[in-house]
file start29.pdb (PDB, C-alpha atoms, pLDDT in the B column)
MODEL        1
ATOM      1  CA  MET A   1      12.922  -2.233  -0.467  1.00 44.00           C
ATOM      2  CA  ASN A   2      13.358   1.491  -1.055  1.00 44.00           C
ATOM      3  CA  CYS A   3      14.732   3.336   1.982  1.00 41.00           C
ATOM      4  CA  VAL A   4      15.005   7.052   1.308  1.00 42.00           C
ATOM      5  CA  GLY A   5      17.823   8.691   3.254  1.00 39.00           C
ATOM      6  CA  LEU A   6      17.820   6.731   6.489  1.00 40.00           C
ATOM      7  CA  THR A   7      19.195   8.664   9.441  1.00 39.00           C
ATOM      8  CA  ASN A   8      19.634   8.189  13.179  1.00 43.00           C
ATOM      9  CA  LYS A   9      18.169  11.627  13.967  1.00 47.00           C
ATOM     10  CA  LYS A  10      15.054  11.363  16.144  1.00 53.00           C
ATOM     11  CA  TYR A  11      11.829  12.286  14.349  1.00 70.00           C
ATOM     12  CA  ARG A  12       8.145  11.497  14.456  1.00 88.00           C
ATOM     13  CA  ALA A  13       7.687   8.086  12.890  1.00 95.00           C
ATOM     14  CA  ILE A  14       4.287   6.935  11.666  1.00 97.00           C
ATOM     15  CA  LEU A  15       4.068   3.463  10.161  1.00 98.00           C
ATOM     16  CA  HIS A  16       1.438   2.534   7.593  1.00 98.00           C
ATOM     17  CA  LEU A  17       0.951  -1.163   6.908  1.00 98.00           C
ATOM     18  CA  ASP A  18      -0.992  -2.278   3.845  1.00 97.00           C
ATOM     19  CA  ALA A  19      -1.594  -5.981   3.214  1.00 97.00           C
ATOM     20  CA  ASP A  20      -0.947  -6.961  -0.402  1.00 96.00           C
ATOM     21  CA  SER A  21      -4.063  -8.261  -2.223  1.00 95.00           C
ATOM     22  CA  PHE A  22      -5.452  -9.131   1.192  1.00 97.00           C
ATOM     23  CA  PHE A  23      -8.497 -11.308   0.459  1.00 97.00           C
ATOM     24  CA  ALA A  24      -6.738 -13.296  -2.278  1.00 96.00           C
ATOM     25  CA  SER A  25      -3.622 -13.596  -0.116  1.00 96.00           C
ATOM     26  CA  VAL A  26      -5.647 -15.003   2.791  1.00 97.00           C
ATOM     27  CA  GLU A  27      -7.095 -17.614   0.434  1.00 97.00           C
ATOM     28  CA  SER A  28      -3.564 -18.629  -0.543  1.00 96.00           C
ATOM     29  CA  ALA A  29      -2.502 -18.684   3.108  1.00 96.00           C
ATOM     30  CA  LYS A  30      -5.434 -21.001   3.897  1.00 96.00           C
ATOM     31  CA  ASN A  31      -4.663 -23.199   0.893  1.00 96.00           C
ATOM     32  CA  PRO A  32      -0.934 -23.127  -0.002  1.00 95.00           C
ATOM     33  CA  ALA A  33      -1.724 -24.964  -3.244  1.00 96.00           C
ATOM     34  CA  LEU A  34      -2.995 -21.616  -4.543  1.00 96.00           C
ATOM     35  CA  ARG A  35       0.321 -19.823  -4.058  1.00 94.00           C
ATOM     36  CA  GLY A  36       1.733 -18.408  -7.269  1.00 94.00           C
ATOM     37  CA  LYS A  37      -1.562 -18.875  -9.100  1.00 96.00           C
ATOM     38  CA  PRO A  38      -3.999 -16.227 -10.390  1.00 97.00           C
ATOM     39  CA  VAL A  39      -6.632 -16.204  -7.622  1.00 97.00           C
ATOM     40  CA  ILE A  40      -9.887 -14.239  -7.621  1.00 96.00           C
ATOM     41  CA  THR A  41     -12.366 -13.833  -4.760  1.00 96.00           C
ATOM     42  CA  GLY A  42     -16.005 -12.848  -5.249  1.00 95.00           C
ATOM     43  CA  GLN A  43     -17.620 -15.954  -6.720  1.00 94.00           C
ATOM     44  CA  GLU A  44     -20.695 -15.406  -4.501  1.00 94.00           C
ATOM     45  CA  ARG A  45     -21.179 -11.809  -5.686  1.00 93.00           C
ATOM     46  CA  GLY A  46     -20.617 -12.405  -9.359  1.00 95.00           C
ATOM     47  CA  ILE A  47     -17.802  -9.838  -9.515  1.00 94.00           C
ATOM     48  CA  ALA A  48     -14.124  -9.850  -8.610  1.00 95.00           C
ATOM     49  CA  THR A  49     -13.584  -8.416  -5.115  1.00 93.00           C
ATOM     50  CA  SER A  50      -9.880  -9.178  -4.801  1.00 94.00           C
ATOM     51  CA  MET A  51      -7.220 -10.646  -7.026  1.00 95.00           C
ATOM     52  CA  SER A  52      -3.688 -11.925  -6.550  1.00 96.00           C
ATOM     53  CA  TYR A  53      -0.842 -10.148  -8.312  1.00 95.00           C
ATOM     54  CA  GLU A  54      -0.710 -13.036 -10.765  1.00 96.00           C
ATOM     55  CA  ALA A  55      -4.349 -12.304 -11.662  1.00 96.00           C
ATOM     56  CA  LYS A  56      -3.685  -8.568 -11.889  1.00 95.00           C
ATOM     57  CA  ALA A  57      -0.857  -9.294 -14.313  1.00 95.00           C
ATOM     58  CA  LEU A  58      -3.432 -10.832 -16.651  1.00 95.00           C
ATOM     59  CA  GLY A  59      -5.307  -7.534 -16.753  1.00 94.00           C
ATOM     60  CA  ILE A  60      -8.131  -8.500 -14.401  1.00 94.00           C
ATOM     61  CA  ASP A  61      -9.643  -5.560 -12.526  1.00 90.00           C
ATOM     62  CA  ARG A  62     -11.757  -5.331  -9.388  1.00 88.00           C
ATOM     63  CA  ALA A  63     -15.496  -5.496 -10.117  1.00 85.00           C
ATOM     64  CA  MET A  64     -14.926  -7.371 -13.387  1.00 92.00           C
ATOM     65  CA  PRO A  65     -17.832  -9.834 -13.853  1.00 95.00           C
ATOM     66  CA  ILE A  66     -17.019 -13.406 -12.875  1.00 95.00           C
ATOM     67  CA  TYR A  67     -18.622 -14.799 -16.023  1.00 95.00           C
ATOM     68  CA  LYS A  68     -16.287 -12.677 -18.141  1.00 95.00           C
ATOM     69  CA  ILE A  69     -13.250 -13.810 -16.148  1.00 95.00           C
ATOM     70  CA  LYS A  70     -14.211 -17.459 -16.591  1.00 95.00           C
ATOM     71  CA  ARG A  71     -14.692 -16.896 -20.308  1.00 95.00           C
ATOM     72  CA  ASP A  72     -11.524 -14.921 -20.984  1.00 95.00           C
ATOM     73  CA  PHE A  73      -9.173 -16.360 -18.343  1.00 96.00           C
ATOM     74  CA  PRO A  74      -9.942 -20.064 -17.836  1.00 94.00           C
ATOM     75  CA  GLN A  75      -6.661 -20.554 -15.955  1.00 96.00           C
ATOM     76  CA  VAL A  76      -7.835 -18.354 -13.068  1.00 96.00           C
ATOM     77  CA  VAL A  77      -8.907 -19.898  -9.744  1.00 97.00           C
ATOM     78  CA  ILE A  78     -12.146 -18.297  -8.531  1.00 96.00           C
ATOM     79  CA  VAL A  79     -13.333 -18.758  -4.945  1.00 96.00           C
ATOM     80  CA  SER A  80     -16.116 -17.428  -2.749  1.00 96.00           C
ATOM     81  CA  SER A  81     -15.164 -14.787  -0.202  1.00 95.00           C
ATOM     82  CA  ASP A  82     -14.536 -16.022   3.332  1.00 96.00           C
ATOM     83  CA  TYR A  83     -15.131 -12.865   5.374  1.00 96.00           C
ATOM     84  CA  GLU A  84     -14.861 -14.687   8.687  1.00 97.00           C
ATOM     85  CA  ALA A  85     -11.334 -15.768   7.768  1.00 97.00           C
ATOM     86  CA  TYR A  86     -10.433 -12.276   6.539  1.00 97.00           C
ATOM     87  CA  ALA A  87     -11.556 -10.767   9.847  1.00 98.00           C
ATOM     88  CA  MET A  88      -9.516 -13.338  11.792  1.00 98.00           C
ATOM     89  CA  TYR A  89      -6.360 -12.734   9.744  1.00 98.00           C
ATOM     90  CA  SER A  90      -6.861  -8.986  10.072  1.00 98.00           C
ATOM     91  CA  LYS A  91      -7.098  -9.236  13.845  1.00 98.00           C
ATOM     92  CA  ARG A  92      -3.962 -11.385  14.044  1.00 98.00           C
ATOM     93  CA  MET A  93      -2.065  -9.040  11.707  1.00 98.00           C
ATOM     94  CA  PHE A  94      -2.874  -5.969  13.806  1.00 98.00           C
ATOM     95  CA  ALA A  95      -1.978  -7.915  16.956  1.00 98.00           C
ATOM     96  CA  ILE A  96       1.533  -8.360  15.553  1.00 98.00           C
ATOM     97  CA  VAL A  97       1.833  -4.585  15.074  1.00 98.00           C
ATOM     98  CA  ARG A  98       0.669  -4.075  18.677  1.00 98.00           C
ATOM     99  CA  ARG A  99       3.619  -6.119  19.913  1.00 97.00           C
ATOM    100  CA  TYR A 100       5.684  -3.014  19.171  1.00 97.00           C
ATOM    101  CA  THR A 101       3.310  -0.117  19.954  1.00 96.00           C
ATOM    102  CA  ASP A 102      -0.068   0.372  21.611  1.00 95.00           C
ATOM    103  CA  ILE A 103      -0.844   3.357  19.375  1.00 97.00           C
ATOM    104  CA  VAL A 104      -2.463   1.592  16.438  1.00 97.00           C
ATOM    105  CA  GLU A 105      -5.273   2.912  14.248  1.00 97.00           C
ATOM    106  CA  GLU A 106      -7.067   0.211  12.268  1.00 97.00           C
ATOM    107  CA  TYR A 107      -7.895   2.128   9.104  1.00 95.00           C
ATOM    108  CA  SER A 108      -9.564  -0.763   7.259  1.00 96.00           C
ATOM    109  CA  ILE A 109      -9.601  -4.545   7.387  1.00 97.00           C
ATOM    110  CA  ASP A 110      -6.244  -4.726   5.606  1.00 97.00           C
ATOM    111  CA  GLU A 111      -4.379  -1.599   6.658  1.00 97.00           C
ATOM    112  CA  CYS A 112      -3.414   0.323   9.768  1.00 98.00           C
ATOM    113  CA  PHE A 113      -1.367   3.214  11.066  1.00 98.00           C
ATOM    114  CA  ALA A 114       0.959   2.877  14.061  1.00 98.00           C
ATOM    115  CA  ASP A 115       2.984   5.491  15.944  1.00 97.00           C
ATOM    116  CA  LEU A 116       6.570   4.314  16.420  1.00 97.00           C
ATOM    117  CA  THR A 117       7.928   7.638  17.667  1.00 95.00           C
ATOM    118  CA  GLY A 118      10.626   7.178  20.289  1.00 93.00           C
ATOM    119  CA  LEU A 119      10.651   3.390  20.101  1.00 94.00           C
ATOM    120  CA  GLU A 120      14.152   3.268  18.656  1.00 90.00           C
ATOM    121  CA  LYS A 121      15.589   3.814  22.135  1.00 89.00           C
ATOM    122  CA  VAL A 122      12.953   1.746  23.963  1.00 92.00           C
ATOM    123  CA  LEU A 123      13.309  -1.289  21.697  1.00 92.00           C
ATOM    124  CA  ALA A 124      16.964  -0.730  20.809  1.00 94.00           C
ATOM    125  CA  MET A 125      16.072  -0.972  17.126  1.00 94.00           C
ATOM    126  CA  THR A 126      15.904   1.520  14.278  1.00 94.00           C
ATOM    127  CA  TYR A 127      12.536   2.290  12.712  1.00 95.00           C
ATOM    128  CA  GLN A 128      13.642   0.299   9.689  1.00 95.00           C
ATOM    129  CA  GLU A 129      14.416  -2.713  11.876  1.00 96.00           C
ATOM    130  CA  ILE A 130      11.025  -2.466  13.630  1.00 97.00           C
ATOM    131  CA  ALA A 131       9.236  -2.338  10.286  1.00 97.00           C
ATOM    132  CA  GLU A 132      11.258  -5.288   8.986  1.00 97.00           C
ATOM    133  CA  ARG A 133      10.439  -7.296  12.110  1.00 97.00           C
ATOM    134  CA  ILE A 134       6.721  -6.635  11.641  1.00 98.00           C
ATOM    135  CA  LYS A 135       6.890  -7.617   7.958  1.00 97.00           C
ATOM    136  CA  ASN A 136       8.789 -10.805   8.716  1.00 97.00           C
ATOM    137  CA  GLU A 137       6.496 -11.862  11.557  1.00 98.00           C
ATOM    138  CA  VAL A 138       3.351 -11.305   9.470  1.00 98.00           C
ATOM    139  CA  GLN A 139       4.891 -13.355   6.670  1.00 97.00           C
ATOM    140  CA  LYS A 140       6.126 -16.157   8.924  1.00 97.00           C
ATOM    141  CA  GLU A 141       3.078 -16.462  11.170  1.00 98.00           C
ATOM    142  CA  LEU A 142       0.253 -15.657   8.746  1.00 98.00           C
ATOM    143  CA  GLY A 143       1.753 -16.331   5.339  1.00 97.00           C
ATOM    144  CA  LEU A 144       0.835 -12.820   4.166  1.00 97.00           C
ATOM    145  CA  SER A 145       2.872 -10.222   2.328  1.00 96.00           C
ATOM    146  CA  VAL A 146       2.536  -6.610   3.473  1.00 98.00           C
ATOM    147  CA  SER A 147       3.937  -3.305   2.248  1.00 98.00           C
ATOM    148  CA  ILE A 148       5.021  -0.728   4.811  1.00 98.00           C
ATOM    149  CA  GLY A 149       5.786   2.976   4.767  1.00 97.00           C
ATOM    150  CA  VAL A 150       7.354   4.898   7.660  1.00 97.00           C
ATOM    151  CA  ALA A 151       7.300   8.703   7.614  1.00 96.00           C
ATOM    152  CA  PRO A 152       6.741  11.786   9.822  1.00 94.00           C
ATOM    153  CA  THR A 153       3.019  12.060   8.924  1.00 92.00           C
ATOM    154  CA  LYS A 154       0.117   9.748   8.100  1.00 93.00           C
ATOM    155  CA  VAL A 155      -0.231  11.117   4.560  1.00 90.00           C
ATOM    156  CA  LEU A 156       3.463  10.561   3.862  1.00 93.00           C
ATOM    157  CA  ALA A 157       3.399   7.105   5.450  1.00 95.00           C
ATOM    158  CA  LYS A 158       0.507   6.046   3.224  1.00 94.00           C
ATOM    159  CA  VAL A 159       2.225   7.419   0.131  1.00 91.00           C
ATOM    160  CA  ALA A 160       5.372   5.540   1.167  1.00 94.00           C
ATOM    161  CA  SER A 161       3.586   2.200   1.645  1.00 95.00           C
ATOM    162  CA  LYS A 162       2.263   2.417  -1.928  1.00 92.00           C
ATOM    163  CA  TRP A 163       5.652   3.327  -3.375  1.00 92.00           C
ATOM    164  CA  VAL A 164       6.949  -0.246  -3.579  1.00 92.00           C
ATOM    165  CA  LYS A 165       4.376  -3.038  -3.828  1.00 91.00           C
ATOM    166  CA  PRO A 166       4.085  -5.895  -3.161  1.00 93.00           C
ATOM    167  CA  ASN A 167       6.273  -6.652  -0.141  1.00 95.00           C
ATOM    168  CA  GLY A 168       7.754  -3.154  -0.044  1.00 95.00           C
ATOM    169  CA  LEU A 169       9.371  -1.071   2.683  1.00 97.00           C
ATOM    170  CA  THR A 170       9.892   2.648   2.124  1.00 96.00           C
ATOM    171  CA  ILE A 171      11.131   5.028   4.814  1.00 95.00           C
ATOM    172  CA  ILE A 172      10.960   8.825   4.565  1.00 94.00           C
ATOM    173  CA  THR A 173      12.684  11.172   7.022  1.00 90.00           C
ATOM    174  CA  PRO A 174      12.317  14.961   7.426  1.00 88.00           C
ATOM    175  CA  GLU A 175      15.625  15.407   5.610  1.00 89.00           C
ATOM    176  CA  THR A 176      14.456  13.487   2.546  1.00 90.00           C
ATOM    177  CA  ILE A 177      10.805  14.537   2.246  1.00 90.00           C
ATOM    178  CA  ASN A 178      11.412  17.086  -0.509  1.00 89.00           C
ATOM    179  CA  SER A 179      13.557  14.820  -2.675  1.00 90.00           C
ATOM    180  CA  PHE A 180      11.020  12.015  -2.282  1.00 91.00           C
ATOM    181  CA  LEU A 181       7.978  14.162  -3.070  1.00 92.00           C
ATOM    182  CA  GLN A 182       9.607  15.378  -6.260  1.00 93.00           C
ATOM    183  CA  LYS A 183       9.116  11.826  -7.558  1.00 92.00           C
ATOM    184  CA  VAL A 184       5.487  11.456  -6.400  1.00 90.00           C
ATOM    185  CA  LYS A 185       2.803  12.348  -8.920  1.00 92.00           C
ATOM    186  CA  ILE A 186       0.078  14.545  -7.486  1.00 92.00           C
ATOM    187  CA  GLU A 187      -2.606  11.967  -8.292  1.00 91.00           C
ATOM    188  CA  SER A 188      -0.764   9.432  -6.107  1.00 88.00           C
ATOM    189  CA  VAL A 189      -1.219  11.471  -2.919  1.00 89.00           C
ATOM    190  CA  TRP A 190      -3.686   9.997  -0.424  1.00 85.00           C
ATOM    191  CA  GLY A 191      -6.886  12.064  -0.449  1.00 88.00           C
ATOM    192  CA  ILE A 192      -6.371  13.707  -3.829  1.00 90.00           C
ATOM    193  CA  GLY A 193      -8.842  12.171  -6.277  1.00 89.00           C
ATOM    194  CA  PRO A 194      -8.836  12.305 -10.099  1.00 90.00           C
ATOM    195  CA  ARG A 195     -10.887  15.521 -10.330  1.00 91.00           C
ATOM    196  CA  THR A 196      -8.757  17.438  -7.839  1.00 91.00           C
ATOM    197  CA  ALA A 197      -5.584  16.110  -9.453  1.00 92.00           C
ATOM    198  CA  LEU A 198      -6.819  17.429 -12.797  1.00 93.00           C
ATOM    199  CA  GLN A 199      -7.526  20.846 -11.248  1.00 91.00           C
ATOM    200  CA  LEU A 200      -4.041  20.929  -9.764  1.00 92.00           C
ATOM    201  CA  GLN A 201      -2.468  19.868 -13.040  1.00 94.00           C
ATOM    202  CA  LYS A 202      -4.284  22.706 -14.826  1.00 92.00           C
ATOM    203  CA  LYS A 203      -2.652  25.043 -12.296  1.00 91.00           C
ATOM    204  CA  GLY A 204       0.754  23.635 -13.215  1.00 92.00           C
ATOM    205  CA  ILE A 205       1.100  21.290 -10.233  1.00 93.00           C
ATOM    206  CA  THR A 206       2.090  17.779 -11.295  1.00 95.00           C
ATOM    207  CA  THR A 207       4.096  16.532  -8.296  1.00 94.00           C
ATOM    208  CA  ALA A 208       3.498  16.376  -4.554  1.00 92.00           C
ATOM    209  CA  GLN A 209       6.529  18.618  -4.010  1.00 93.00           C
ATOM    210  CA  GLU A 210       5.063  21.361  -6.214  1.00 93.00           C
ATOM    211  CA  PHE A 211       1.889  21.173  -4.119  1.00 93.00           C
ATOM    212  CA  VAL A 212       3.637  21.543  -0.751  1.00 91.00           C
ATOM    213  CA  GLU A 213       5.676  24.457  -2.085  1.00 92.00           C
ATOM    214  CA  LYS A 214       2.458  26.467  -2.437  1.00 92.00           C
ATOM    215  CA  SER A 215       1.501  28.758   0.423  1.00 92.00           C
ATOM    216  CA  ARG A 216      -1.222  27.904   2.934  1.00 91.00           C
ATOM    217  CA  GLU A 217      -3.161  30.927   1.690  1.00 92.00           C
ATOM    218  CA  TRP A 218      -3.056  29.661  -1.880  1.00 91.00           C
ATOM    219  CA  VAL A 219      -4.286  26.214  -0.833  1.00 90.00           C
ATOM    220  CA  CYS A 220      -7.105  27.680   1.297  1.00 90.00           C
ATOM    221  CA  ASP A 221      -8.205  30.036  -1.474  1.00 89.00           C
ATOM    222  CA  SER A 222      -8.131  27.335  -4.130  1.00 87.00           C
ATOM    223  CA  PHE A 223      -9.500  24.271  -2.324  1.00 87.00           C
ATOM    224  CA  SER A 224     -11.632  23.147   0.617  1.00 83.00           C
ATOM    225  CA  LYS A 225     -10.428  22.389   4.154  1.00 85.00           C
ATOM    226  CA  PRO A 226      -9.444  18.706   3.608  1.00 85.00           C
ATOM    227  CA  TYR A 227      -6.822  19.749   1.059  1.00 89.00           C
ATOM    228  CA  GLU A 228      -5.275  22.202   3.527  1.00 88.00           C
ATOM    229  CA  VAL A 229      -4.891  19.241   5.919  1.00 87.00           C
ATOM    230  CA  ILE A 230      -3.225  17.187   3.156  1.00 88.00           C
ATOM    231  CA  TRP A 231      -0.950  20.133   2.319  1.00 89.00           C
TER
ENDMDL
END
call {"tool": "encode", "arguments": {"input": "start29.pdb", "output": "structure tokens"}}
result
Amino acid sequence: MNCVGLTNKKYRAILHLDADSFFASVESAKNPALRGKPVITGQERGIATSMSYEAKALGIDRAMPIYKIKRDFPQVVIVSSDYEAYAMYSKRMFAIVRRYTDIVEEYSIDECFADLTGLEKVLAMTYQEIAERIKNEVQKELGLSVSIGVAPTKVLAKVASKWVKPNGLTIITPETINSFLQKVKIESVWGIGPRTALQLQKKGITTAQEFVEKSREWVCDSFSKPYEVIW
């Protein structure tokens, strides 16, 4: 867990939950005998659609052909995707988040945003404690590991959830945004793709903090509207 400058000061708190290797993790939750093993889903498509962290450690990437995986990594367990099960686990995972707040945005099958603002007083828990409760309940009830970020904005929350994976918890407050963003590479910011990151790097911007230090006018003159929103 990496908690950046926790404070009791009230601030807007957006939680981003991201399930770790979701499809492969569901397969291991369904069949505990698969836990700790390199698991790949996508047998029916002929390409890897999800892989456990053990499989990733072998160098297996998403969309790698199944025949190549079987040839080069005979120790890997390859299964067909069970989308009905993934949808069920997704629904149950988001239901756990909704125990704490009704303001939940399901961003994809394995990730969501949730607004926790003001719930410290209502629930008599800190934002860190709420996030830990959600993580623990997902793990205990579903057998899934999730990584969570809590921050004042959606972009920051998503950056935070990726900061420590798997099973991470990173909290950013207004007081610690700048020090945190100094450590975040510009290509790691949600919404900034490889081409835009390269353009920014050519302009001398290599970190998220260097980007936010630019003026709104500079961002608007240099990039399209979505990047002003990210800024």
call {"tool": "closest_atom_pairs", "arguments": {"input": "start29.pdb", "of": "region 47-98 of chain A", "to": "region 25-40 of chain A", "cutoff": "7 Å", "atoms": "only C-alpha atoms", "output": "Markdown table"}}
result
| residue | atom | partner | partner_atom | distance |
| --- | --- | --- | --- | --- |
| A:Ala48 | CA | A:Ile40 | CA | 6.2 |
| A:Ser50 | CA | A:Ile40 | CA | 5.8 |
| A:Met51 | CA | A:Ile40 | CA | 4.5 |
| A:Ser52 | CA | A:Val39 | CA | 5.3 |
| A:Glu54 | CA | A:Pro38 | CA | 4.6 |
| A:Ala55 | CA | A:Pro38 | CA | 4.1 |
| A:Val76 | CA | A:Pro38 | CA | 5.1 |
| A:Val77 | CA | A:Val39 | CA | 4.8 |
| A:Ile78 | CA | A:Ile40 | CA | 4.7 |
| A:Val79 | CA | A:Ile40 | CA | 6.3 |
| A:Tyr86 | CA | A:Val26 | CA | 6.7 |
call {"tool": "resolve_selection", "arguments": {"input": "start29.pdb", "expression": "the PyMOL selection byres ((chain A and resi 138) around 10)", "output": "PyMOL selection string"}}
result
chain A and resi 19+89+92-97+132-137+139-146
call {"tool": "resolve_selection", "arguments": {"input": "start29.pdb", "expression": "the PyMOL selection byres ((chain A and resi 205) around 12)", "output": "list of chain:residue names"}}
result
A:Gln182, A:Val184, A:Lys185, A:Ile186, A:Glu187, A:Thr196, A:Ala197, A:Leu198, A:Gln199, A:Leu200, A:Gln201, A:Lys202, A:Lys203, A:Gly204, A:Thr206, A:Thr207, A:Ala208, A:Gln209, A:Glu210, A:Phe211, A:Val212, A:Glu213, A:Lys214, A:Val219
call {"tool": "closest_residue", "arguments": {"input": "start29.pdb", "among": "A:Ser179, A:Arg195, A:Ala124, A:Gly42", "to": "Ala63 (chain A)", "atoms": "only C-alpha atoms"}}
result
A:Gly42
call {"tool": "atom_distance", "arguments": {"input": "start29.pdb", "atom1": "CA of Gly191 (chain A)", "atom2": "CA of Val104 (chain A)"}}
result
20.4 Å
call {"tool": "closest_residue", "arguments": {"input": "start29.pdb", "among": "A:Cys220, A:Ile14, A:Ile171, A:Leu119", "to": "Val155 (chain A)", "atoms": "only C-alpha atoms"}}
result
A:Ile14
call {"tool": "atom_distance", "arguments": {"input": "start29.pdb", "atom1": "CA of Asp82 (chain A)", "atom2": "CA of Thr41 (chain A)"}}
result
8.7 Å
call {"tool": "atom_distance", "arguments": {"input": "start29.pdb", "atom1": "CA of Asp20 (chain A)", "atom2": "CA of Pro166 (chain A)"}}
result
5.8 Å
call {"tool": "residues_around", "arguments": {"input": "start29.pdb", "residues": "Ile177 (chain A)", "least_positions_apart": "4", "cutoff": "9 Å", "atoms": "only C-alpha atoms", "output": "ChimeraX atom specification"}}
result
/A:4,151,156,172-173,181-182,209
call {"tool": "axis_aligned_box", "arguments": {"input": "start29.pdb", "around": "region 114-131 of chain A", "padding_each_side": "3 Å", "output": "JSON"}}
result
{"center_x": 9.0, "center_y": 2.5, "center_z": 16.8, "size_x": 22.0, "size_y": 16.4, "size_z": 20.3}
call {"tool": "resolve_selection", "arguments": {"input": "start29.pdb", "expression": "the PyMOL selection byres ((chain A and resi 16) around 6)", "output": "PyMOL selection string"}}
result
chain A and resi 15+17+112-113+148-149+157-158
call {"tool": "closest_residue", "arguments": {"input": "start29.pdb", "among": "A:Thr170, A:Gln43, A:Thr49, A:Ser90", "to": "Lys70 (chain A)", "atoms": "only C-alpha atoms"}}
result
A:Gln43
call {"tool": "closest_residue", "arguments": {"input": "start29.pdb", "among": "A:Val229, A:Val189, A:Val159, A:Ala114", "to": "Ala13 (chain A)", "atoms": "only C-alpha atoms"}}
result
A:Ala114
call {"tool": "closest_residue", "arguments": {"input": "start29.pdb", "among": "A:Met125, A:Asp115, A:Ala87, A:Leu58", "to": "Lys154 (chain A)", "atoms": "only C-alpha atoms"}}
result
A:Asp115
call {"tool": "build_atoms", "arguments": {"input": "start29.pdb", "residues": "region 99-104 of chain A", "atoms": "all heavy atoms", "output": "tab-separated table (two decimals), in the frame of the given file"}}
result
chain	number	residue	atom	x	y	z
A	99	ARG	N	2.49	-5.63	19.12
A	99	ARG	CA	3.62	-6.12	19.91
A	99	ARG	C	4.67	-5.02	20.08
A	99	ARG	O	5.47	-5.05	21.00
A	99	ARG	CB	4.27	-7.32	19.22
A	99	ARG	CG	3.41	-8.57	19.16
A	99	ARG	CD	4.08	-9.63	18.30
A	99	ARG	NE	3.21	-10.79	18.14
A	99	ARG	CZ	3.46	-11.81	17.31
A	99	ARG	NH1	4.58	-11.79	16.59
A	99	ARG	NH2	2.62	-12.82	17.20
A	100	TYR	N	4.66	-4.05	19.18
A	100	TYR	CA	5.68	-3.01	19.17
A	100	TYR	C	5.17	-1.66	19.65
A	100	TYR	O	5.95	-0.86	20.16
A	100	TYR	CB	6.27	-2.89	17.75
A	100	TYR	CG	6.95	-4.17	17.33
A	100	TYR	CD1	6.23	-5.19	16.69
A	100	TYR	CD2	8.29	-4.40	17.63
A	100	TYR	CE1	6.84	-6.38	16.34
A	100	TYR	CE2	8.91	-5.60	17.28
A	100	TYR	CZ	8.17	-6.58	16.64
A	100	TYR	OH	8.77	-7.77	16.31
A	101	THR	N	3.88	-1.38	19.50
A	101	THR	CA	3.31	-0.12	19.95
A	101	THR	C	1.82	-0.29	20.25
A	101	THR	O	1.13	-1.04	19.53
A	101	THR	CB	3.49	1.00	18.91
A	101	THR	OG1	2.82	2.19	19.36
A	101	THR	CG2	2.94	0.60	17.56
A	102	ASP	N	1.36	0.40	21.28
A	102	ASP	CA	-0.07	0.37	21.61
A	102	ASP	C	-0.87	1.38	20.79
A	102	ASP	O	-2.09	1.33	20.76
A	102	ASP	CB	-0.29	0.68	23.10
A	102	ASP	CG	0.28	-0.40	24.01
A	102	ASP	OD1	0.28	-1.57	23.58
A	102	ASP	OD2	0.72	-0.07	25.13
A	103	ILE	N	-0.16	2.29	20.13
A	103	ILE	CA	-0.84	3.36	19.38
A	103	ILE	C	-1.05	2.88	17.94
A	103	ILE	O	-0.23	3.14	17.05
A	103	ILE	CB	-0.04	4.66	19.42
A	103	ILE	CG1	0.30	5.02	20.87
A	103	ILE	CG2	-0.83	5.80	18.78
A	103	ILE	CD1	1.20	6.22	21.01
A	104	VAL	N	-2.14	2.17	17.74
A	104	VAL	CA	-2.46	1.59	16.44
A	104	VAL	C	-3.86	2.03	16.02
A	104	VAL	O	-4.81	1.90	16.79
A	104	VAL	CB	-2.38	0.05	16.47
A	104	VAL	CG1	-2.80	-0.54	15.12
A	104	VAL	CG2	-0.98	-0.41	16.84
